[in-house]
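protein08.cif follows; it contains mmCIF, C-alpha atoms.
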```
data_query
loop_
_atom_site.group_PDB
_atom_site.id
_atom_site.type_symbol
_atom_site.label_atom_id
_atom_site.label_comp_id
_atom_site.auth_asym_id
_atom_site.auth_seq_id
_atom_site.Cartn_x
_atom_site.Cartn_y
_atom_site.Cartn_z
ATOM 1 C CA MET A 1 -26.819 -10.975 20.949
ATOM 2 C CA SER A 2 -25.651 -11.824 24.412
ATOM 3 C CA GLY A 3 -26.809 -9.724 27.317
ATOM 4 C CA GLY A 4 -23.189 -9.087 28.263
ATOM 5 C CA THR A 5 -22.483 -7.206 25.048
ATOM 6 C CA ASN A 6 -25.601 -5.100 25.421
ATOM 7 C CA ASP A 7 -24.811 -4.351 29.056
ATOM 8 C CA LYS A 8 -21.300 -3.158 28.154
ATOM 9 C CA SER A 9 -22.575 -0.909 25.370
ATOM 10 C CA LYS A 10 -25.124 0.701 27.679
ATOM 11 C CA ALA A 11 -22.351 1.457 30.164
ATOM 12 C CA LEU A 12 -20.388 3.456 27.559
ATOM 13 C CA PRO A 13 -21.247 7.164 27.582
ATOM 14 C CA ASN A 14 -19.356 7.767 24.329
ATOM 15 C CA ILE A 15 -19.266 5.664 21.168
ATOM 16 C CA PRO A 16 -16.940 6.184 18.180
ATOM 17 C CA GLU A 17 -18.453 7.472 14.975
ATOM 18 C CA LEU A 18 -16.146 5.234 12.941
ATOM 19 C CA CYS A 19 -14.649 1.871 13.884
ATOM 20 C CA VAL A 20 -11.852 0.845 11.498
ATOM 21 C CA PHE A 21 -10.572 -2.715 11.178
ATOM 22 C CA ASP A 22 -7.387 -4.008 9.612
ATOM 23 C CA LEU A 23 -8.043 -7.236 7.702
ATOM 24 C CA ASP A 24 -5.091 -9.646 7.662
ATOM 25 C CA ALA A 25 -4.359 -11.334 11.006
ATOM 26 C CA CYS A 26 -6.786 -8.914 12.675
ATOM 27 C CA LEU A 27 -10.337 -9.240 11.326
ATOM 28 C CA TRP A 28 -9.530 -12.685 9.918
ATOM 29 C CA ASP A 29 -6.879 -15.330 10.407
ATOM 30 C CA GLN A 30 -4.931 -15.265 7.131
ATOM 31 C CA GLU A 31 -2.490 -12.989 5.307
ATOM 32 C CA MET A 32 -3.846 -12.244 1.839
ATOM 33 C CA TYR A 33 -0.395 -12.037 0.255
ATOM 34 C CA GLU A 34 0.049 -15.737 1.071
ATOM 35 C CA MET A 35 -3.140 -16.750 -0.754
ATOM 36 C CA ARG A 36 -2.603 -18.275 -4.191
ATOM 37 C CA ALA A 37 -6.182 -18.460 -5.480
ATOM 38 C CA MET A 38 -9.394 -16.479 -5.437
ATOM 39 C CA PRO A 39 -11.768 -17.782 -2.742
ATOM 40 C CA THR A 40 -14.325 -20.237 -4.062
ATOM 41 C CA ASP A 41 -15.806 -22.885 -1.790
ATOM 42 C CA LYS A 42 -17.797 -21.727 1.238
ATOM 43 C CA ILE A 43 -17.550 -23.420 4.621
ATOM 44 C CA ILE A 44 -20.899 -23.381 6.422
ATOM 45 C CA GLY A 45 -20.932 -23.335 10.208
ATOM 46 C CA ASP A 46 -22.428 -21.816 13.334
ATOM 47 C CA LEU A 47 -22.267 -18.010 13.445
ATOM 48 C CA ASN A 48 -21.805 -17.465 17.157
ATOM 49 C CA GLY A 49 -25.146 -19.040 17.991
ATOM 50 C CA ARG A 50 -27.046 -16.890 15.504
ATOM 51 C CA GLY A 51 -27.666 -19.575 12.901
ATOM 52 C CA LYS A 52 -25.802 -21.278 10.089
ATOM 53 C CA GLY A 53 -23.853 -19.211 7.599
ATOM 54 C CA VAL A 54 -20.590 -18.793 5.725
ATOM 55 C CA LEU A 55 -18.017 -19.229 8.460
ATOM 56 C CA GLY A 56 -15.045 -19.660 6.141
ATOM 57 C CA VAL A 57 -13.994 -19.546 2.482
ATOM 58 C CA MET A 58 -11.350 -21.595 0.746
ATOM 59 C CA SER A 59 -8.493 -19.991 -1.174
ATOM 60 C CA GLY A 60 -6.953 -23.049 -2.746
ATOM 61 C CA GLY A 61 -6.024 -25.185 0.254
ATOM 62 C CA ASP A 62 -6.206 -22.286 2.734
ATOM 63 C CA LYS A 63 -9.283 -21.499 4.810
ATOM 64 C CA ILE A 64 -9.999 -17.831 5.546
ATOM 65 C CA SER A 65 -12.137 -17.277 8.665
ATOM 66 C CA LEU A 66 -13.150 -14.328 10.808
ATOM 67 C CA HIS A 67 -11.748 -14.298 14.329
ATOM 68 C CA LYS A 68 -14.347 -14.883 17.050
ATOM 69 C CA GLY A 69 -13.934 -11.348 18.356
ATOM 70 C CA SER A 70 -14.561 -10.024 14.849
ATOM 71 C CA ILE A 71 -17.798 -11.969 14.524
ATOM 72 C CA MET A 72 -18.929 -10.700 17.926
ATOM 73 C CA ALA A 73 -18.096 -7.078 17.064
ATOM 74 C CA LEU A 74 -19.715 -7.213 13.631
ATOM 75 C CA GLN A 75 -22.845 -8.903 14.976
ATOM 76 C CA ALA A 76 -23.147 -6.218 17.647
ATOM 77 C CA HIS A 77 -22.877 -3.595 14.927
ATOM 78 C CA ALA A 78 -25.461 -5.372 12.779
ATOM 79 C CA ASP A 79 -27.801 -5.409 15.789
ATOM 80 C CA GLY A 80 -27.392 -1.668 16.340
ATOM 81 C CA VAL A 81 -25.795 -2.124 19.748
ATOM 82 C CA TYR A 82 -23.582 0.950 19.198
ATOM 83 C CA PRO A 83 -25.898 3.709 17.894
ATOM 84 C CA GLY A 84 -24.358 6.128 15.421
ATOM 85 C CA MET A 85 -21.233 4.036 14.803
ATOM 86 C CA LYS A 86 -20.166 3.055 11.289
ATOM 87 C CA ILE A 87 -17.428 0.646 10.212
ATOM 88 C CA ALA A 88 -14.731 0.601 7.543
ATOM 89 C CA PHE A 89 -11.541 -1.263 6.654
ATOM 90 C CA ALA A 90 -7.944 -0.083 6.355
ATOM 91 C CA SER A 91 -5.654 -2.786 4.991
ATOM 92 C CA SER A 92 -2.247 -2.484 3.352
ATOM 93 C CA ALA A 93 -2.621 -5.656 1.271
ATOM 94 C CA ASP A 94 0.700 -6.172 -0.480
ATOM 95 C CA THR A 95 -0.347 -6.802 -4.083
ATOM 96 C CA PRO A 96 -3.309 -6.127 -6.369
ATOM 97 C CA PHE A 97 -4.120 -9.852 -6.241
ATOM 98 C CA ALA A 98 -4.042 -9.833 -2.419
ATOM 99 C CA GLU A 99 -6.489 -6.939 -2.502
ATOM 100 C CA LYS A 100 -8.790 -8.871 -4.852
ATOM 101 C CA VAL A 101 -8.715 -11.917 -2.560
ATOM 102 C CA GLY A 102 -9.509 -9.714 0.430
ATOM 103 C CA ARG A 103 -12.421 -7.960 -1.234
ATOM 104 C CA ALA A 104 -13.836 -11.257 -2.470
ATOM 105 C CA SER A 105 -13.588 -12.737 1.025
ATOM 106 C CA LEU A 106 -15.445 -9.765 2.519
ATOM 107 C CA LYS A 107 -18.279 -10.389 0.069
ATOM 108 C CA MET A 108 -18.502 -14.106 0.942
ATOM 109 C CA LEU A 109 -17.945 -14.319 4.718
ATOM 110 C CA GLU A 110 -21.122 -13.759 6.728
ATOM 111 C CA VAL A 111 -21.866 -11.894 9.948
ATOM 112 C CA LEU A 112 -25.398 -13.270 10.167
ATOM 113 C CA PRO A 113 -27.106 -15.784 7.892
ATOM 114 C CA GLY A 114 -27.527 -14.041 4.530
ATOM 115 C CA LEU A 115 -25.628 -10.885 5.603
ATOM 116 C CA SER A 116 -22.028 -10.672 4.382
ATOM 117 C CA VAL A 117 -19.341 -8.525 5.959
ATOM 118 C CA TRP A 118 -19.305 -6.426 2.790
ATOM 119 C CA ASP A 119 -23.088 -5.944 2.789
ATOM 120 C CA LEU A 120 -22.983 -4.817 6.415
ATOM 121 C CA THR A 121 -20.312 -2.257 5.615
ATOM 122 C CA MET A 122 -22.086 -0.990 2.498
ATOM 123 C CA ARG A 123 -25.263 -0.572 4.551
ATOM 124 C CA ASP A 124 -23.456 2.060 6.605
ATOM 125 C CA TRP A 125 -22.424 4.088 3.558
ATOM 126 C CA ASP A 126 -25.411 3.786 1.207
ATOM 127 C CA ASN A 127 -23.399 1.443 -1.021
ATOM 128 C CA VAL A 128 -20.466 3.855 -1.379
ATOM 129 C CA ASP A 129 -17.096 2.119 -0.943
ATOM 130 C CA VAL A 130 -15.120 4.217 1.544
ATOM 131 C CA ASN A 131 -12.759 1.363 2.462
ATOM 132 C CA GLN A 132 -9.024 1.743 1.972
ATOM 133 C CA ILE A 133 -7.624 -1.633 0.960
ATOM 134 C CA GLY A 134 -4.207 -2.208 -0.584
ATOM 135 C CA ARG A 135 -1.006 -0.239 -0.995
ATOM 136 C CA GLN A 136 -1.095 0.639 -4.682
ATOM 137 C CA PRO A 137 -0.933 4.425 -5.335
ATOM 138 C CA PRO A 138 -2.432 6.611 -4.053
ATOM 139 C CA LEU A 139 -2.383 4.231 -1.061
ATOM 140 C CA SER A 140 0.911 3.143 0.503
ATOM 141 C CA SER A 141 2.241 0.844 3.208
ATOM 142 C CA ASN A 142 1.895 3.728 5.717
ATOM 143 C CA LYS A 143 -1.704 3.886 6.918
ATOM 144 C CA ALA A 144 -1.084 7.120 8.805
ATOM 145 C CA LYS A 145 -0.081 8.894 5.573
ATOM 146 C CA SER A 146 -2.579 7.388 3.158
ATOM 147 C CA HIS A 147 -5.360 5.151 4.452
ATOM 148 C CA PHE A 148 -6.547 7.345 7.311
ATOM 149 C CA PRO A 149 -6.357 10.705 5.533
ATOM 150 C CA PHE A 150 -8.400 9.132 2.719
ATOM 151 C CA LEU A 151 -10.854 7.658 5.236
ATOM 152 C CA LYS A 152 -11.314 11.058 6.833
ATOM 153 C CA GLU A 153 -11.895 12.645 3.435
ATOM 154 C CA ALA A 154 -14.350 9.952 2.317
ATOM 155 C CA THR A 155 -16.360 9.737 5.540
ATOM 156 C CA LYS A 156 -16.119 13.345 6.792
ATOM 157 C CA ILE A 157 -15.446 11.920 10.265
ATOM 158 C CA ARG A 158 -12.808 13.502 12.485
ATOM 159 C CA TYR A 159 -9.780 11.532 13.645
ATOM 160 C CA ASP A 160 -10.768 11.998 17.283
ATOM 161 C CA ARG A 161 -14.046 10.223 16.541
ATOM 162 C CA MET A 162 -12.317 7.076 15.223
ATOM 163 C CA LEU A 163 -11.331 3.750 16.785
ATOM 164 C CA PHE A 164 -8.832 1.462 15.011
ATOM 165 C CA PHE A 165 -7.841 -2.195 15.434
ATOM 166 C CA ASP A 166 -4.684 -3.640 13.837
ATOM 167 C CA ASP A 167 -2.496 -6.667 14.572
ATOM 168 C CA CYS A 168 0.695 -4.577 14.108
ATOM 169 C CA ASN A 169 2.747 -7.719 13.512
ATOM 170 C CA TRP A 170 4.509 -6.205 10.481
ATOM 171 C CA GLY A 171 4.855 -2.657 11.782
ATOM 172 C CA ASP A 172 3.360 -0.412 14.433
ATOM 173 C CA HIS A 173 0.398 0.893 12.443
ATOM 174 C CA CYS A 174 -1.475 1.678 15.659
ATOM 175 C CA GLY A 175 1.358 3.807 17.007
ATOM 176 C CA MET A 176 1.907 5.628 13.720
ATOM 177 C CA VAL A 177 -1.790 6.361 13.174
ATOM 178 C CA SER A 178 -2.352 7.551 16.742
ATOM 179 C CA ALA A 179 0.711 9.819 16.589
ATOM 180 C CA ALA A 180 0.075 11.339 13.171
ATOM 181 C CA CYS A 181 -3.695 11.459 12.777
ATOM 182 C CA LYS A 182 -4.814 14.105 15.264
ATOM 183 C CA GLU A 183 -7.140 17.089 15.259
ATOM 184 C CA GLU A 184 -5.590 20.506 15.788
ATOM 185 C CA ASP A 185 -8.383 21.911 17.929
ATOM 186 C CA THR A 186 -8.468 19.063 20.474
ATOM 187 C CA GLY A 187 -4.997 17.563 20.154
ATOM 188 C CA LYS A 188 -6.703 14.162 20.177
ATOM 189 C CA GLY A 189 -6.599 11.560 17.451
ATOM 190 C CA VAL A 190 -7.439 8.026 16.477
ATOM 191 C CA VAL A 191 -7.683 5.605 19.405
ATOM 192 C CA ALA A 192 -5.821 2.470 18.298
ATOM 193 C CA VAL A 193 -5.683 -1.014 19.804
ATOM 194 C CA ARG A 194 -3.196 -3.740 18.862
ATOM 195 C CA THR A 195 -4.535 -7.250 18.218
ATOM 196 C CA PRO A 196 -1.371 -9.356 17.773
ATOM 197 C CA ARG A 197 -3.264 -12.674 17.809
ATOM 198 C CA GLY A 198 -6.319 -11.517 15.913
ATOM 199 C CA LEU A 199 -9.240 -9.506 17.239
ATOM 200 C CA LYS A 200 -10.555 -10.910 20.503
ATOM 201 C CA GLU A 201 -13.762 -9.907 22.258
ATOM 202 C CA GLU A 202 -11.872 -8.454 25.200
ATOM 203 C CA GLU A 203 -9.726 -6.330 22.869
ATOM 204 C CA PHE A 204 -12.779 -4.944 21.112
ATOM 205 C CA ASN A 205 -14.424 -4.092 24.425
ATOM 206 C CA ARG A 206 -11.195 -2.515 25.679
ATOM 207 C CA GLY A 207 -11.002 -0.383 22.551
ATOM 208 C CA MET A 208 -14.553 0.845 23.027
ATOM 209 C CA LEU A 209 -13.749 1.748 26.627
ATOM 210 C CA LEU A 210 -10.501 3.511 25.683
ATOM 211 C CA TYR A 211 -12.367 5.555 23.092
ATOM 212 C CA SER A 212 -15.134 6.450 25.545
ATOM 213 C CA ASN A 213 -12.572 7.598 28.100
ATOM 214 C CA GLN A 214 -10.691 9.746 25.563
ATOM 215 C CA TYR A 215 -13.868 11.355 24.261
ATOM 216 C CA SER A 216 -14.887 12.336 27.774
ATOM 217 C CA THR A 217 -11.764 14.542 27.972
ATOM 218 C CA ILE A 218 -12.495 16.443 24.729
#
```

Show me the file's structure as structure tokens.
Amino acid sequence: MSGGTNDKSKALPNIPELCVFDLDACLWDQEMYEMRAMPTDKIIGDLNGRGKGVLGVMSGGDKISLHKGSIMALQAHADGVYPGMKIAFASSADTPFAEKVGRASLKMLEVLPGLSVWDLTMRDWDNVDVNQIGRQPPLSSNKAKSHFPFLKEATKIRYDRMLFFDDCNWGDHCGMVSAACKEEDTGKGVVAVRTPRGLKEEEFNRGMLLYSNQYSTI
């Protein structure tokens, strides 16, 4: 882990209890509804200077890869840079098959050599799947009405202790979640950051800072 990431984390007086990532075009570079096959072949490459691992997976002729900012954020989490923070996913994958492709990709793509994205997430929750992936009932295309209420119920974490990243290219999920998912006693809710070109390191750091600033006013 770079010293810069550690330095930034130490400068934050407040850290979210739950960091939620959208998948398509945010955590990784593809849209699952466009994939035509379950991921099979693994592409091995350099994991941000931390060794060789599964950098990409092939869905037919399409390569699914984590964005560089995603790898940085997940590696920081794996290293315990943000004490007390857990992670989860909120994705409105269009079809049951898109959801299957997404879940399979999470289990294949690696954060560190031998540690998949899925394994890292399950480590946070003692192997209980709290993730909200898809839009089949009881989920919907509206994350503010389904994904986040279910996340709150499953994790027992308040909305004003959550940070959310979403590309928002197909709808303003960040705006809707921030507006609707608030706590009555504080009037504060989910801090949300748009990542229109996929999660970048500066966007992740900005989100952490935005959350820290909001928490300081509660």

With the PyMOL selection byres ((chain A and resi 140-142) around 10) as the selection, what would be picked from this file? Answer as a list of chain:residue names, please.
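Selected by the PyMOL selection byres ((chain A and resi 140-142) around 10) here: A:Ser91, A:Ser92, A:Ala93, A:Asp94, A:Ile133, A:Gly134, A:Arg135, A:Gln136, A:Pro137, A:Pro138, A:Leu139, A:Lys143, A:Ala144, A:Lys145, A:Ser146, A:His147, A:Phe148, A:Gly171, A:Asp172, A:His173, A:Met176, A:Val177.
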
On this file, the PyMOL selection byres ((chain A and resi 56) around 7) gives some set of residues; write that set as a PyMOL selection string.
chain A and resi 42-44+54-55+57-58+63-65+109

What's around Ile157 in chain A at 12 Å? Count only C-alpha atoms, leave out sequence neighbours fewer than 2 positions away in its own chain, and write the answer as a PyMOL selection string.
chain A and resi 16-20+84-88+130+148-155+159-163+182-183+189-190

d(CA of Leu210 in chain A, CA of Val191 in chain A) in Å:
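Atom-to-atom, CA of Leu210 in chain A and CA of Val191 in chain A are spaced 7.2 Å apart.
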
Residues near Ser59 in chain A, anyone? I mean within 10 Å using all atoms listed in the file, not counting same-chain ones fewer than 2 positions away, as a VMD selection string.
chain A and resid 32 34 to 42 56 to 57 61 to 64 101 105

Serialized selection, C-alpha atoms, as a PDB file, in the coordinates of the input:
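Final output, result-v5.pdb:
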```
ATOM      1  CA  MET A  32      -3.846 -12.244   1.839  1.00  0.00           C
ATOM      2  CA  GLU A  34       0.049 -15.737   1.071  1.00  0.00           C
ATOM      3  CA  MET A  35      -3.140 -16.750  -0.754  1.00  0.00           C
ATOM      4  CA  ARG A  36      -2.603 -18.275  -4.191  1.00  0.00           C
ATOM      5  CA  ALA A  37      -6.182 -18.460  -5.480  1.00  0.00           C
ATOM      6  CA  MET A  38      -9.394 -16.479  -5.437  1.00  0.00           C
ATOM      7  CA  PRO A  39     -11.768 -17.782  -2.742  1.00  0.00           C
ATOM      8  CA  THR A  40     -14.325 -20.237  -4.062  1.00  0.00           C
ATOM      9  CA  ASP A  41     -15.806 -22.885  -1.790  1.00  0.00           C
ATOM     10  CA  LYS A  42     -17.797 -21.727   1.238  1.00  0.00           C
ATOM     11  CA  GLY A  56     -15.045 -19.660   6.141  1.00  0.00           C
ATOM     12  CA  VAL A  57     -13.994 -19.546   2.482  1.00  0.00           C
ATOM     13  CA  GLY A  61      -6.024 -25.185   0.254  1.00  0.00           C
ATOM     14  CA  ASP A  62      -6.206 -22.286   2.734  1.00  0.00           C
ATOM     15  CA  LYS A  63      -9.283 -21.499   4.810  1.00  0.00           C
ATOM     16  CA  ILE A  64      -9.999 -17.831   5.546  1.00  0.00           C
ATOM     17  CA  VAL A 101      -8.715 -11.917  -2.560  1.00  0.00           C
ATOM     18  CA  SER A 105     -13.588 -12.737   1.025  1.00  0.00           C
TER      19      SER A 105
END
```

Any chance you could work out the residue set of the PyMOL selection byres ((chain A and resi 197) around 10) here, as a list in words?
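Applying the expression gives Ala25, Cys26, Asp29, His67, Asp166, Asp167, Cys168, Asn169, Arg194, Thr195, Pro196, Gly198, Leu199 and Lys200 of chain A.
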
Interatomic distance, CA of Gln132 in chain A to CA of Lys100 in chain A (Å, one decimal):
12.6 Å

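In this model, the gap between CA of Asp22 in chain A and CA of Asp46 in chain A comes to 23.6 Å.
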
From the list A:Tyr33, A:Trp28, A:Trp118, A:Tyr211, which residue is nearest Lys188 in chain A when using all atoms listed in the file?
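Answer, going by the shortest atom-to-atom distance: A:Tyr211.
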